[in-house]
Structures are given as structure tokens and as C-alpha cells.
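Source file: work.txt (compact mmCIF, C-alpha atoms)
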```
# COMPACT_ATOMS: atom_id res chain seq x y z
CA MET A 1 -13.03 -25.70 -11.82
CA PHE A 2 -15.26 -23.30 -13.75
CA TYR A 3 -14.06 -21.40 -16.78
CA ASN A 4 -15.54 -18.35 -18.43
CA THR A 5 -17.02 -20.21 -21.40
CA THR A 6 -20.64 -20.65 -20.36
CA PRO A 7 -23.55 -18.26 -19.68
CA LEU A 8 -23.94 -19.84 -16.23
CA HIS A 9 -20.35 -19.04 -15.37
CA ASN A 10 -20.69 -15.43 -16.51
CA THR A 11 -23.97 -14.99 -14.64
CA LEU A 12 -22.49 -16.38 -11.42
CA SER A 13 -19.42 -14.13 -11.75
CA TYR A 14 -21.53 -10.99 -12.19
CA ILE A 15 -23.78 -11.92 -9.26
CA LEU A 16 -20.75 -12.33 -7.00
CA ALA A 17 -19.34 -9.01 -8.20
CA PHE A 18 -22.57 -7.06 -7.59
CA ILE A 19 -23.58 -8.52 -4.19
CA PRO A 20 -21.11 -6.35 -2.18
CA TRP A 21 -22.27 -3.21 -4.03
CA CYS A 22 -25.84 -3.91 -2.90
CA ILE A 23 -24.69 -4.04 0.73
CA LEU A 24 -22.22 -1.13 0.62
CA PRO A 25 -24.83 1.66 1.02
CA PHE A 26 -25.99 0.18 4.33
CA SER A 27 -22.86 -1.37 5.86
CA PRO A 28 -19.29 -0.85 4.62
CA LEU A 29 -18.04 -3.48 7.08
CA ALA A 30 -20.41 -6.16 5.77
CA ALA A 31 -19.59 -5.10 2.21
CA MET A 32 -15.91 -5.61 2.88
CA PHE A 33 -16.63 -9.08 4.32
CA LEU A 34 -18.61 -10.00 1.23
CA SER A 35 -16.32 -8.43 -1.37
CA LEU A 36 -13.25 -10.22 -0.02
CA GLY A 37 -15.17 -13.49 0.18
CA CYS A 38 -16.60 -13.05 -3.31
CA LEU A 39 -13.19 -12.25 -4.79
CA TYR A 40 -11.75 -15.39 -3.21
CA ILE A 41 -14.54 -17.47 -4.79
CA LEU A 42 -14.01 -15.70 -8.11
CA THR A 43 -10.41 -16.93 -8.18
CA PHE A 44 -11.87 -20.39 -8.90
CA LEU A 45 -14.02 -19.02 -11.72
CA SER A 46 -11.38 -17.18 -13.78
CA PRO A 47 -13.58 -14.08 -14.10
CA SER A 48 -13.32 -11.38 -16.73
CA ARG A 49 -11.14 -8.38 -16.06
CA PHE A 50 -14.24 -6.19 -15.65
CA VAL A 51 -15.65 -8.48 -12.95
CA ARG A 52 -12.29 -8.57 -11.15
CA ILE A 53 -11.97 -4.77 -11.17
CA LEU A 54 -15.61 -4.26 -10.13
CA THR A 55 -15.21 -6.57 -7.13
CA THR A 56 -11.86 -5.04 -6.17
CA LEU A 57 -13.30 -1.52 -6.25
CA SER A 58 -15.92 -2.61 -3.72
CA ILE A 59 -13.09 -3.89 -1.48
CA ILE A 60 -11.23 -0.59 -1.81
CA ILE A 61 -14.22 1.63 -1.06
CA SER A 62 -15.67 -0.48 1.76
CA GLY A 63 -12.20 -1.06 3.25
CA ALA A 64 -11.32 2.64 3.17
CA ILE A 65 -14.62 3.57 4.82
CA THR A 66 -14.38 0.82 7.45
CA TYR A 67 -10.81 1.58 8.49
CA GLY A 68 -11.01 5.33 7.88
CA ASN A 69 -13.99 5.45 10.20
CA ASN A 70 -11.75 4.14 12.98
CA THR A 71 -8.84 6.52 12.29
CA PRO A 72 -8.57 9.32 14.87
CA CYS A 73 -7.91 12.74 13.41
CA TYR A 74 -4.66 13.64 15.16
CA SER A 75 -0.91 13.75 14.55
CA ASP A 76 -0.06 13.48 10.82
CA ALA A 77 -3.70 12.97 9.86
CA LEU A 78 -4.68 16.22 11.56
CA SER A 79 -1.73 18.02 9.98
CA TYR A 80 -2.81 16.92 6.50
CA TYR A 81 -6.43 17.80 7.15
CA THR A 82 -5.43 21.23 8.44
CA THR A 83 -3.41 21.79 5.26
CA TYR A 84 -6.42 20.78 3.18
CA LYS A 85 -8.67 23.20 5.12
CA GLU A 86 -6.18 26.04 4.64
CA ILE A 87 -5.98 25.34 0.91
CA SER A 88 -9.76 25.10 0.60
CA THR A 89 -10.11 28.59 2.09
CA GLY A 90 -7.77 30.07 -0.51
CA ASN A 91 -4.42 29.86 1.30
CA LEU A 92 -2.62 28.31 -1.67
CA GLU A 93 0.80 28.87 -0.11
CA GLN A 94 0.06 25.73 1.92
CA ILE A 95 0.55 23.68 -1.24
CA PHE A 96 4.28 24.15 -0.64
CA ASN A 97 4.09 23.40 3.07
CA TYR A 98 6.06 20.12 3.00
CA GLY A 99 9.63 19.14 2.16
CA LYS A 100 10.89 22.71 1.83
CA GLY A 101 8.28 23.25 -0.89
CA VAL A 102 9.37 20.24 -2.97
CA GLU A 103 6.66 17.84 -1.77
CA PHE A 104 3.74 19.65 -3.35
CA LEU A 105 1.94 16.85 -5.20
CA MET A 106 -0.38 15.67 -2.41
CA PRO A 107 -1.34 19.23 -1.32
CA LEU A 108 -2.02 19.96 -5.00
CA TYR A 109 -4.31 16.92 -5.06
CA TRP A 110 -6.05 18.22 -1.94
CA TYR A 111 -6.56 21.52 -3.74
CA VAL A 112 -8.39 19.60 -6.48
CA LEU A 113 -10.50 17.95 -3.76
CA SER A 114 -11.37 21.38 -2.39
CA LEU A 115 -12.69 22.32 -5.84
CA LEU A 116 -14.78 19.15 -6.11
CA PHE A 117 -16.21 19.11 -2.58
CA ASP A 118 -17.56 22.04 -0.63
CA SER A 119 -16.14 21.10 2.78
CA LEU A 120 -14.96 17.64 3.78
CA ARG A 121 -14.98 16.43 7.36
CA CYS A 122 -11.70 15.00 8.59
CA VAL A 123 -13.00 11.42 8.41
CA ASP A 124 -14.18 11.93 4.80
CA PHE A 125 -10.84 13.50 3.86
CA LEU A 126 -8.93 10.51 5.27
CA ILE A 127 -11.24 8.02 3.55
CA ILE A 128 -10.77 9.72 0.16
CA ASN A 129 -6.98 9.52 0.58
CA SER A 130 -7.28 5.81 1.33
CA ILE A 131 -9.59 5.16 -1.64
CA SER A 132 -7.21 7.09 -3.92
CA ALA A 133 -4.23 5.00 -2.78
CA GLY A 134 -6.19 1.78 -3.32
CA ILE A 135 -7.30 2.76 -6.82
CA LEU A 136 -3.76 3.81 -7.76
CA THR A 137 -2.48 0.43 -6.55
CA LEU A 138 -5.16 -1.35 -8.60
CA ILE A 139 -4.12 0.61 -11.71
CA TRP A 140 -0.50 -0.45 -11.13
CA LEU A 141 -1.56 -4.07 -10.85
CA GLU A 142 -3.86 -4.13 -13.87
CA LYS A 143 -1.70 -2.07 -16.21
CA TYR A 144 1.78 -3.30 -15.28
CA ALA A 145 2.28 -5.97 -12.60
CA LEU A 146 -0.35 -8.42 -13.93
CA LYS A 147 0.04 -7.69 -17.61
CA THR A 148 1.40 -11.16 -18.42
CA GLU A 149 -0.73 -13.15 -15.94
CA ASP A 150 -3.75 -15.15 -17.06
CA THR A 151 -7.10 -14.16 -15.57
CA ARG A 152 -7.11 -16.79 -12.83
CA TYR A 153 -3.67 -15.93 -11.47
CA ALA A 154 -4.35 -12.21 -11.88
CA THR A 155 -7.52 -12.50 -9.76
CA LEU A 156 -5.66 -14.49 -7.11
CA CYS A 157 -2.88 -11.89 -7.02
CA VAL A 158 -5.36 -9.01 -6.66
CA PHE A 159 -7.01 -10.91 -3.81
CA PHE A 160 -3.66 -11.26 -2.01
CA VAL A 161 -2.82 -7.57 -2.48
CA PHE A 162 -6.09 -6.19 -1.11
CA CYS A 163 -6.54 -8.80 1.59
CA LEU A 164 -3.25 -7.51 3.06
CA PHE A 165 -3.52 -3.89 1.89
CA SER A 166 -3.27 -1.39 4.76
CA PHE A 167 -6.26 0.94 4.43
CA TRP A 168 -5.12 2.77 7.55
CA THR A 169 -1.66 3.77 6.30
CA PRO A 170 -2.83 6.22 3.58
CA THR A 171 -4.69 8.20 6.25
CA PHE A 172 -1.62 8.85 8.41
CA LEU A 173 1.49 8.37 6.27
CA THR A 174 -0.16 9.74 3.16
CA ARG A 175 2.71 11.39 1.31
CA GLN A 176 5.13 8.53 1.93
CA LEU A 177 2.64 5.87 0.84
CA PHE A 178 1.76 7.60 -2.42
CA ALA A 179 5.49 7.99 -3.09
CA CYS A 180 5.87 4.22 -2.63
CA ILE A 181 3.10 3.53 -5.15
CA PHE A 182 4.67 5.80 -7.78
CA ILE A 183 8.01 4.03 -7.28
CA LEU A 184 6.25 0.73 -8.03
CA PHE A 185 5.05 2.29 -11.30
CA ALA A 186 8.62 3.40 -12.04
CA LEU A 187 10.01 -0.10 -11.52
CA TYR A 188 7.81 -1.45 -14.33
CA GLN A 189 8.65 1.12 -16.99
CA THR A 190 10.69 0.23 -20.07
CA SER A 191 11.16 3.83 -21.18
CA LYS A 192 13.71 6.03 -19.39
CA TYR A 193 11.43 9.04 -19.74
CA LYS A 194 8.44 7.26 -18.18
CA THR A 195 10.67 5.92 -15.42
CA LEU A 196 11.88 9.45 -14.70
CA LEU A 197 8.30 10.73 -14.73
CA PHE A 198 7.12 8.28 -12.08
CA VAL A 199 10.23 8.74 -9.95
CA LEU A 200 9.58 12.50 -10.02
CA LEU A 201 5.92 11.97 -9.10
CA GLY A 202 7.08 9.92 -6.12
CA PHE A 203 9.73 12.52 -5.29
CA PHE A 204 7.14 15.31 -5.32
CA CYS A 205 5.05 13.28 -2.87
CA HIS A 206 7.98 12.53 -0.55
CA THR A 207 11.62 13.26 -1.29
CA THR A 208 12.86 9.92 0.04
CA ALA A 209 11.23 8.26 -3.01
CA ILE A 210 14.36 8.73 -5.11
CA LEU A 211 16.48 6.96 -2.48
CA PHE A 212 14.13 3.97 -2.43
CA TYR A 213 14.06 3.79 -6.23
CA VAL A 214 17.87 3.71 -6.40
CA LEU A 215 17.92 1.07 -3.68
CA PHE A 216 15.36 -1.16 -5.43
CA TYR A 217 17.06 -0.67 -8.79
CA CYS A 218 20.38 -1.84 -7.33
CA PHE A 219 18.74 -4.82 -5.63
CA ARG A 220 17.15 -5.82 -8.93
CA HIS A 221 20.15 -5.42 -11.26
CA TYR A 222 23.39 -5.57 -9.23
CA PHE A 223 23.63 -8.59 -6.93
CA LYS A 224 27.15 -8.04 -5.57
CA LEU A 225 26.58 -4.31 -5.05
CA SER A 226 23.34 -5.19 -3.25
CA ILE A 227 25.24 -7.37 -0.79
CA ILE A 228 27.71 -4.55 -0.09
CA ILE A 229 24.95 -1.94 0.36
CA THR A 230 22.93 -4.23 2.63
CA LEU A 231 25.96 -5.07 4.79
CA ILE A 232 27.14 -1.47 5.17
CA VAL A 233 23.70 -0.01 5.93
CA SER A 234 22.78 -2.89 8.27
CA LEU A 235 26.05 -2.53 10.20
CA MET A 236 25.55 1.22 10.52
CA ILE A 237 22.00 0.74 11.79
CA ALA A 238 23.01 -2.09 14.13
CA SER A 239 25.83 -0.01 15.58
CA SER A 240 23.42 2.92 15.97
CA SER A 241 25.76 5.05 13.87
CA LEU A 242 23.49 5.62 10.86
CA PHE A 243 21.71 8.74 12.04
CA PRO A 244 24.68 10.26 13.91
CA THR A 245 26.83 9.81 10.78
CA LEU A 246 24.21 11.31 8.49
CA ILE A 247 23.36 14.15 10.86
CA SER A 248 27.04 15.03 11.31
CA ASN A 249 27.30 15.38 7.52
CA MET A 250 24.12 17.39 7.06
CA LYS A 251 25.95 20.17 5.24
CA PHE A 252 26.42 17.76 2.32
CA ILE A 253 22.74 16.74 2.28
CA PRO A 254 20.07 18.87 0.54
CA ASP A 255 17.67 20.68 2.87
CA PHE A 256 14.66 18.77 1.62
CA LEU A 257 16.26 15.52 2.88
CA SER A 258 18.28 16.65 5.90
CA HIS A 259 15.31 17.92 7.91
CA LYS A 260 13.74 14.43 7.73
CA LEU A 261 16.74 12.82 9.43
CA LEU A 262 16.05 14.64 12.66
CA TYR A 263 12.41 13.55 12.52
CA TYR A 264 13.18 9.90 11.80
CA ASP A 265 15.73 9.89 14.63
CA ARG A 266 12.94 10.29 17.17
CA VAL A 267 11.56 7.21 18.86
CA MET A 268 7.93 6.16 18.65
CA ASP A 269 7.49 3.28 21.09
CA ASP A 270 3.78 2.91 20.37
CA ALA A 271 4.66 1.77 16.85
CA GLY A 272 6.50 -1.31 18.09
CA ARG A 273 3.52 -3.65 17.80
CA ALA A 274 2.91 -2.77 14.14
CA VAL A 275 6.61 -3.23 13.32
CA LEU A 276 6.64 -6.60 15.11
CA LYS A 277 3.70 -7.87 13.04
CA ASP A 278 5.33 -6.68 9.81
CA SER A 279 8.59 -8.35 10.87
CA VAL A 280 6.87 -11.72 11.19
CA PHE A 281 5.47 -11.40 7.66
CA VAL A 282 8.87 -10.32 6.31
CA CYS A 283 10.61 -13.30 7.92
CA VAL A 284 8.11 -15.70 6.36
CA LEU A 285 8.56 -13.99 2.97
CA MET A 286 12.35 -14.25 3.18
CA LEU A 287 12.25 -17.92 4.16
CA LEU A 288 9.89 -18.76 1.30
CA THR A 289 12.05 -16.79 -1.12
CA ALA A 290 15.22 -18.54 0.01
CA TYR A 291 13.54 -21.94 -0.33
CA TYR A 292 11.98 -21.31 -3.77
CA TYR A 293 14.66 -18.88 -4.95
CA LYS A 294 15.15 -20.27 -8.48
CA ASN A 295 11.40 -20.36 -9.16
CA ILE A 296 10.69 -16.76 -8.13
CA ASP A 297 10.50 -13.81 -10.52
CA PRO A 298 14.08 -12.38 -10.71
CA LYS A 299 12.61 -8.87 -10.60
CA TRP A 300 11.50 -9.41 -7.01
CA ARG A 301 13.45 -12.18 -5.29
CA ASN A 302 16.53 -10.11 -4.42
CA ILE A 303 14.37 -7.15 -3.39
CA ILE A 304 12.50 -9.43 -0.98
CA ILE A 305 15.73 -10.69 0.62
CA PHE A 306 17.92 -7.58 0.72
CA TYR A 307 15.17 -5.11 1.55
CA GLY A 308 13.84 -7.57 4.12
CA ILE A 309 17.21 -7.57 5.89
CA LEU A 310 17.26 -3.76 6.02
CA PHE A 311 13.72 -3.70 7.40
CA LEU A 312 14.46 -6.28 10.11
CA VAL A 313 17.49 -4.29 11.25
CA SER A 314 15.77 -0.89 11.03
CA PRO A 315 14.02 -0.91 14.47
CA ILE A 316 17.47 -0.59 16.07
CA ALA A 317 17.61 2.97 14.71
CA SER A 318 14.07 3.88 15.82
CA TRP A 319 10.50 2.66 15.49
CA ASN A 320 9.70 5.77 13.50
CA PHE A 321 12.41 4.97 10.97
CA SER A 322 11.32 1.32 10.81
CA ILE A 323 7.71 2.18 10.03
CA ARG A 324 8.79 4.28 7.07
CA VAL A 325 11.19 1.63 5.78
CA GLY A 326 8.29 -0.83 5.91
CA LEU A 327 5.76 1.35 4.08
CA PHE A 328 6.25 -0.53 0.81
CA TYR A 329 5.06 -3.67 2.53
CA HIS A 330 1.75 -1.99 3.40
CA VAL A 331 1.06 -1.83 -0.33
CA ILE A 332 2.68 -4.99 -1.70
CA PHE A 333 2.78 -7.57 1.10
CA GLY A 334 0.15 -9.58 -0.77
CA PHE A 335 1.89 -9.14 -4.11
CA LEU A 336 5.19 -10.44 -2.68
CA PHE A 337 3.51 -13.47 -1.10
CA PHE A 338 1.89 -14.21 -4.46
CA LYS A 339 5.25 -13.93 -6.21
CA THR A 340 6.99 -16.29 -3.79
CA LEU A 341 4.36 -19.01 -4.28
CA GLU A 342 3.35 -18.24 -7.86
CA ASN A 343 4.24 -21.74 -9.07
CA LYS A 344 2.60 -23.47 -6.08
CA LEU A 345 -1.13 -23.05 -6.76
CA LEU A 346 -2.34 -25.25 -3.89
CA TYR A 347 -0.15 -23.40 -1.38
CA LEU A 348 -1.42 -20.07 -2.76
CA TYR A 349 -5.03 -21.10 -2.16
CA ILE A 350 -4.32 -22.39 1.35
CA LEU A 351 -2.47 -19.20 2.30
CA ALA A 352 -5.18 -17.05 0.71
CA PHE A 353 -7.84 -18.79 2.80
CA VAL A 354 -5.80 -18.33 6.00
CA LEU A 355 -5.30 -14.63 5.26
CA LEU A 356 -9.01 -14.23 4.48
CA ILE A 357 -9.97 -15.76 7.84
CA ASP A 358 -7.44 -13.52 9.62
CA ARG A 359 -8.87 -10.40 7.93
CA PHE A 360 -12.38 -11.52 8.95
CA ARG A 361 -11.14 -11.95 12.53
CA THR A 362 -9.78 -8.41 12.55
CA MET A 363 -13.00 -6.94 11.16
CA ILE A 364 -15.15 -8.91 13.63
CA LYS A 365 -13.04 -7.45 16.43
CA MET A 366 -13.69 -3.98 15.03
CA SER A 367 -17.43 -4.64 14.93
CA ILE A 368 -17.41 -5.80 18.56
CA LEU A 369 -15.49 -2.74 19.75
CA LYS A 370 -17.85 -0.46 17.78
CA GLU A 371 -15.38 2.38 17.82
CA GLY A 372 -15.60 5.00 15.09
CA PHE A 373 -17.12 8.23 13.86
CA TYR A 374 -20.38 6.52 12.90
CA ASP A 375 -22.19 3.19 13.34
CA LEU A 376 -21.18 0.14 11.34
CA ASP A 377 -24.60 -0.05 9.70
CA GLY A 378 -27.50 2.26 9.08
CA GLY A 379 -29.80 3.79 6.50
CA TRP A 380 -29.15 4.47 2.83
CA PHE A 381 -25.59 5.90 2.55
CA TYR A 382 -25.87 7.05 6.17
CA TYR A 383 -22.08 7.56 6.44
CA LEU A 384 -22.20 10.29 3.81
CA PHE A 385 -24.70 12.41 5.70
CA ASN A 386 -23.69 12.06 9.37
```
Once you've parsed the file, please lay out its structure as C-alpha cells.
Amino acid sequence: MFYNTTPLHNTLSYILAFIPWCILPFSPLAAMFLSLGCLYILTFLSPSRFVRILTTLSIIISGAITYGNNTPCYSDALSYYTTYKEISTGNLEQIFNYGKGVEFLMPLYWYVLSLLFDSLRCVDFLIINSISAGILTLIWLEKYALKTEDTRYATLCVFFVFCLFSFWTPTFLTRQLFACIFILFALYQTSKYKTLLFVLLGFFCHTTAILFYVLFYCFRHYFKLSIIITLIVSLMIASSSLFPTLISNMKFIPDFLSHKLLYYDRVMDDAGRAVLKDSVFVCVLMLLTAYYYKNIDPKWRNIIIFYGILFLVSPIASWNFSIRVGLFYHVIFGFLFFKTLENKLLYLYILAFVLLIDRFRTMIKMSILKEGFYDLDGGWFYYLFN
């Protein structure tokens, strides 16, 4: 192993960090290949924090461009883009267009974008949302989640997170995903006031954030209560009585939450494949957690098991509901895998290599299909001027 004590080591680390940035102007897809590969190699070199962040930023930007390029502008994505366009033309009432006016934080962010950029195309708008989500996740990792990790383990954890990070999700389920990220910030606060601040930020993105925070807090601190909650909610979902029960009691539920129940009660069959893939990952996570239970960080092991049970049962209610229950995984799948195998370095490296090859396979498939708003390679920053 190399360690950051020699000029040769430092030189090699900086070269690996800058290579993807040299490719990014001409091919985001190739830059994502290289940045993921370089970060994997850097895990053996215990790089400086600056090198780790520099390489990760290249993954975030190239990944957002690569996947955003292949995101069609319809459904929720089109709705968000339309809101942005309305705000950019001076219709500021659209800032309060979601969640009965409570979910204003993302439209407010889009208003800031409208001040910074003259007129964004839909694809550019979606890519910026994805980059923003990735950077926010990186800040959470560097400032809170990896605060006590040494540089080698921190780099390996960042690799896991962004190798499995869903760059597509922030383009379609934008408000919900940002709410999830703010809840992750809240879970790491030691001050009640800071915790409240991040919960409110999540709440102002998507009102369900407060429900997820309470759920995660219970899973983390109250084991017996967690069992009861998991059993009751799972039985209600399995018996298909969750939504009918909630809908029949709508008069007791605030407007900003009740209108979502009707939406989540709809069925989206085309989402089944995505839920199935997530379910496989969740099952593996739960098995690993059960096997290594005593060696796993207490802050996460019960969340993995209890929340995993709720997610696996959730498709019975509807695919739509299941996708939203699983949104946290789209941010922290890699982080949870790292936590389950944190004390098994060899297994971490083997799994990291397998995941890297799988991500390469997915990107190669994308390059073969050649579907998107622009080509996968071209002239100097061609994707900014098409």
C-alpha cells in the first residue's frame, strides 16, 4: 500500500484526480468512467481530502450530465421545468405551487437559478438539479458522516456512495430527494436547534420529510417501539388497508399531507423494475446486517433492518408509494453497504470492484444505445452550447 508521505505518492494522487477533468470538456461519459476508476485506485493511496473531493466532484458533474442527458423532459421533470420557466418570467406565485404552498424551498432555489442563468433548457435544468443533489450529499459526507473516518476509509466510503448514487432520481423526484438529503443532515446533528433547522429544510422541500425523520429517529433510539411500528405498518400495507385507513381519516390529516395520499395510492406499473432492483440490494443489506449485527454502527443497523422491512412490503400498496419509500436508498445505498462491511476491508474492496464493473456495464450500454439530447462526445464543452 501507498501512504501520503512521499512526493511520488502526492504527485500520483494529483494526476489521478486531474485526469477526469481533462476529459470532461469533451466526453462526460468517458470522464465518469475515469473518475470512478481513479477514485477506486485512490482508495489504495489514502489521498488528501482535497484530492478526494476534487475527484468526487468530477464524478458528480460527469454523472449528472451523462444521466441527465438521457432523462426525457416529461411527467414530474416537465412539471418542475415549467415551474422554473414561470418563475423566471416573473410569475413568483409559482414558488408556492407545491404542497399547499408549504414546499417552497426548491422553487425558491429555481428562482435563484433564474437570476444566475438567462434561460436554461430543460436538460440543463435537470442536470443542475442532479449536480446540486450530488454536491449536497458530498457535503453531508465530508462534514458529518465521515468526520471520524481516516482518509483511506473515507475515500472508500465516498466511492461506494457515488458508485451507487442515482443521478437520475434528482431530475424526476427532485423535491423528495432533496428532503431525504436534509433529513440525513438532521440525523447527524447534536444540537436540537440545528436538528430542527435541517428537518424544516427537508419539510419545506417535501412535507413527508418530518414523517421520515420521526421514523428514523425511532429506529435509531427505541428498539422495542421500532418493532411495534414496523409490525403495524407492515401489516396494514400487506392487508392493503394502509391507504384506505388514512384516506378515511383525512379530516384529521393536514391538507399539505392528505393530498399526497391520493397521489401515492395510484399505481405505476412501469416502476416495478426499478423497485425490484432496489429490493435485491435491500435484501443483501439486511442479510449482511443480520450477520454482522454486533460489528455495525448502532446508528444505522436498526435503520437498515426495520426500514428495509417497510420498503420490501411497500410495493403491496403501490409501485408509486414504494418508489418514494425507497428514495433514501438512491442517496445512501453505497453508504449503507460501507457501514455493513466497515470492519471487513477485503470484502469492501471486492464489493467495490464488483459495483465498479456493474456501473461500467451500465454506462457502456448507454453508449451503445446512444440515446440522449446530445452526442456522448464532441468539441470543447459542446454540451453547453447545443
**Q.** All residues 7 Å or closer to segment 15-20 of chain A, all atoms listed in the file, same chain fewer than 3 positions away omitted, as number ranges by chain
**A.** A: 11-12, 23-24, 31, 34-35, 38, 51, 54-55, 58
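Here the question is which of A:Leu115, A:Val280, A:Ile364, A:Ala77 gets nearest to Ile127 of chain A using only C-alpha atoms, and that residue is A:Ala77.
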Q. Neighbours of segment 336-348 of chain A within 7 Å (all atoms listed in the file; same-chain residues fewer than 5 positions away dropped), as a list in words?
A.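 Residues near the query, excluding close chain neighbours: Cys157, Phe160, Leu285, Leu288, Thr289, Ile296 and Asp297 of chain A.
Computed from the coordinates, the atom CA of Tyr222 of chain A to atom CA of Ile303 of chain A distance equals 10.9 Å.
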**Q.** Point-to-point distance in Å for atom CA of Asn69 of chain A and atom CA of Val123 of chain A
**A.**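 Separation of atom CA of Val123 of chain A and atom CA of Asn69 of chain A: 6.3 Å.
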Q. If you measure from atom CA of Gly90 of chain A to atom CA of Thr174 of chain A, what distance in Å do you get, rounded to one decimal?
A.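 According to the coordinates, atom CA of Gly90 of chain A and atom CA of Thr174 of chain A are separated by 22.0 Å.
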(Q) Which residue is closest to Ile332 of chain A? Choose from A:Ala145, A:Leu29, A:Leu57, A:Ile128 and count all atoms listed in the file. (A)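 Once distances to Ile332 of chain A are computed over all atoms listed in the file, the minimum belongs to A:Ala145.
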Q: Could you check which of A:Gln176, A:Gln189, A:Ser239, A:Ser114 is closest to Thr208 of chain A, using only C-alpha atoms?
A: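 Closest to Thr208 of chain A of all the choices is A:Gln176.
Using all atoms listed in the file, the set of residues no farther than 6 Å from the position (7.0, 2.8, 1.5) comprises Leu177, Cys180, Gly326, Leu327 and Phe328 of chain A.
Closest approach to Ser13 of chain A among A:Leu36, A:Ile232, A:Leu356, A:Leu42 is made by A:Leu42 (distances from only C-alpha atoms).
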Q: Would you please work out which residue, of A:Thr148, A:Ser166, A:Ser75, A:Ser88, is nearest to Ile60 of chain A when using all atoms listed in the file?
A: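 Nearest candidate to Ile60 of chain A out of A:Thr148, A:Ser166, A:Ser75, A:Ser88: A:Ser166.
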Env of segment 349-354 of chain A: 12 Å cut, atoms = only C-alpha atoms, seq-sep filter 6 positions within chain, self excluded. Answer as a compact mmCIF listing (two decimals) with C-alpha atoms, in the frame of the given file.
```
# COMPACT_ATOMS: atom_id res chain seq x y z
CA LEU A 36 -13.25 -10.22 -0.02
CA GLY A 37 -15.17 -13.49 0.18
CA LEU A 39 -13.19 -12.25 -4.79
CA TYR A 40 -11.75 -15.39 -3.21
CA ILE A 41 -14.54 -17.47 -4.79
CA THR A 43 -10.41 -16.93 -8.18
CA PHE A 44 -11.87 -20.39 -8.90
CA ARG A 152 -7.11 -16.79 -12.83
CA TYR A 153 -3.67 -15.93 -11.47
CA THR A 155 -7.52 -12.50 -9.76
CA LEU A 156 -5.66 -14.49 -7.11
CA CYS A 157 -2.88 -11.89 -7.02
CA VAL A 158 -5.36 -9.01 -6.66
CA PHE A 159 -7.01 -10.91 -3.81
CA PHE A 160 -3.66 -11.26 -2.01
CA VAL A 161 -2.82 -7.57 -2.48
CA PHE A 162 -6.09 -6.19 -1.11
CA CYS A 163 -6.54 -8.80 1.59
CA LEU A 164 -3.25 -7.51 3.06
CA VAL A 284 8.11 -15.70 6.36
CA GLY A 334 0.15 -9.58 -0.77
CA PHE A 335 1.89 -9.14 -4.11
CA PHE A 337 3.51 -13.47 -1.10
CA PHE A 338 1.89 -14.21 -4.46
CA THR A 340 6.99 -16.29 -3.79
CA LEU A 341 4.36 -19.01 -4.28
CA GLU A 342 3.35 -18.24 -7.86
CA ASN A 343 4.24 -21.74 -9.07
CA PHE A 360 -12.38 -11.52 8.95
CA ARG A 361 -11.14 -11.95 12.53
```
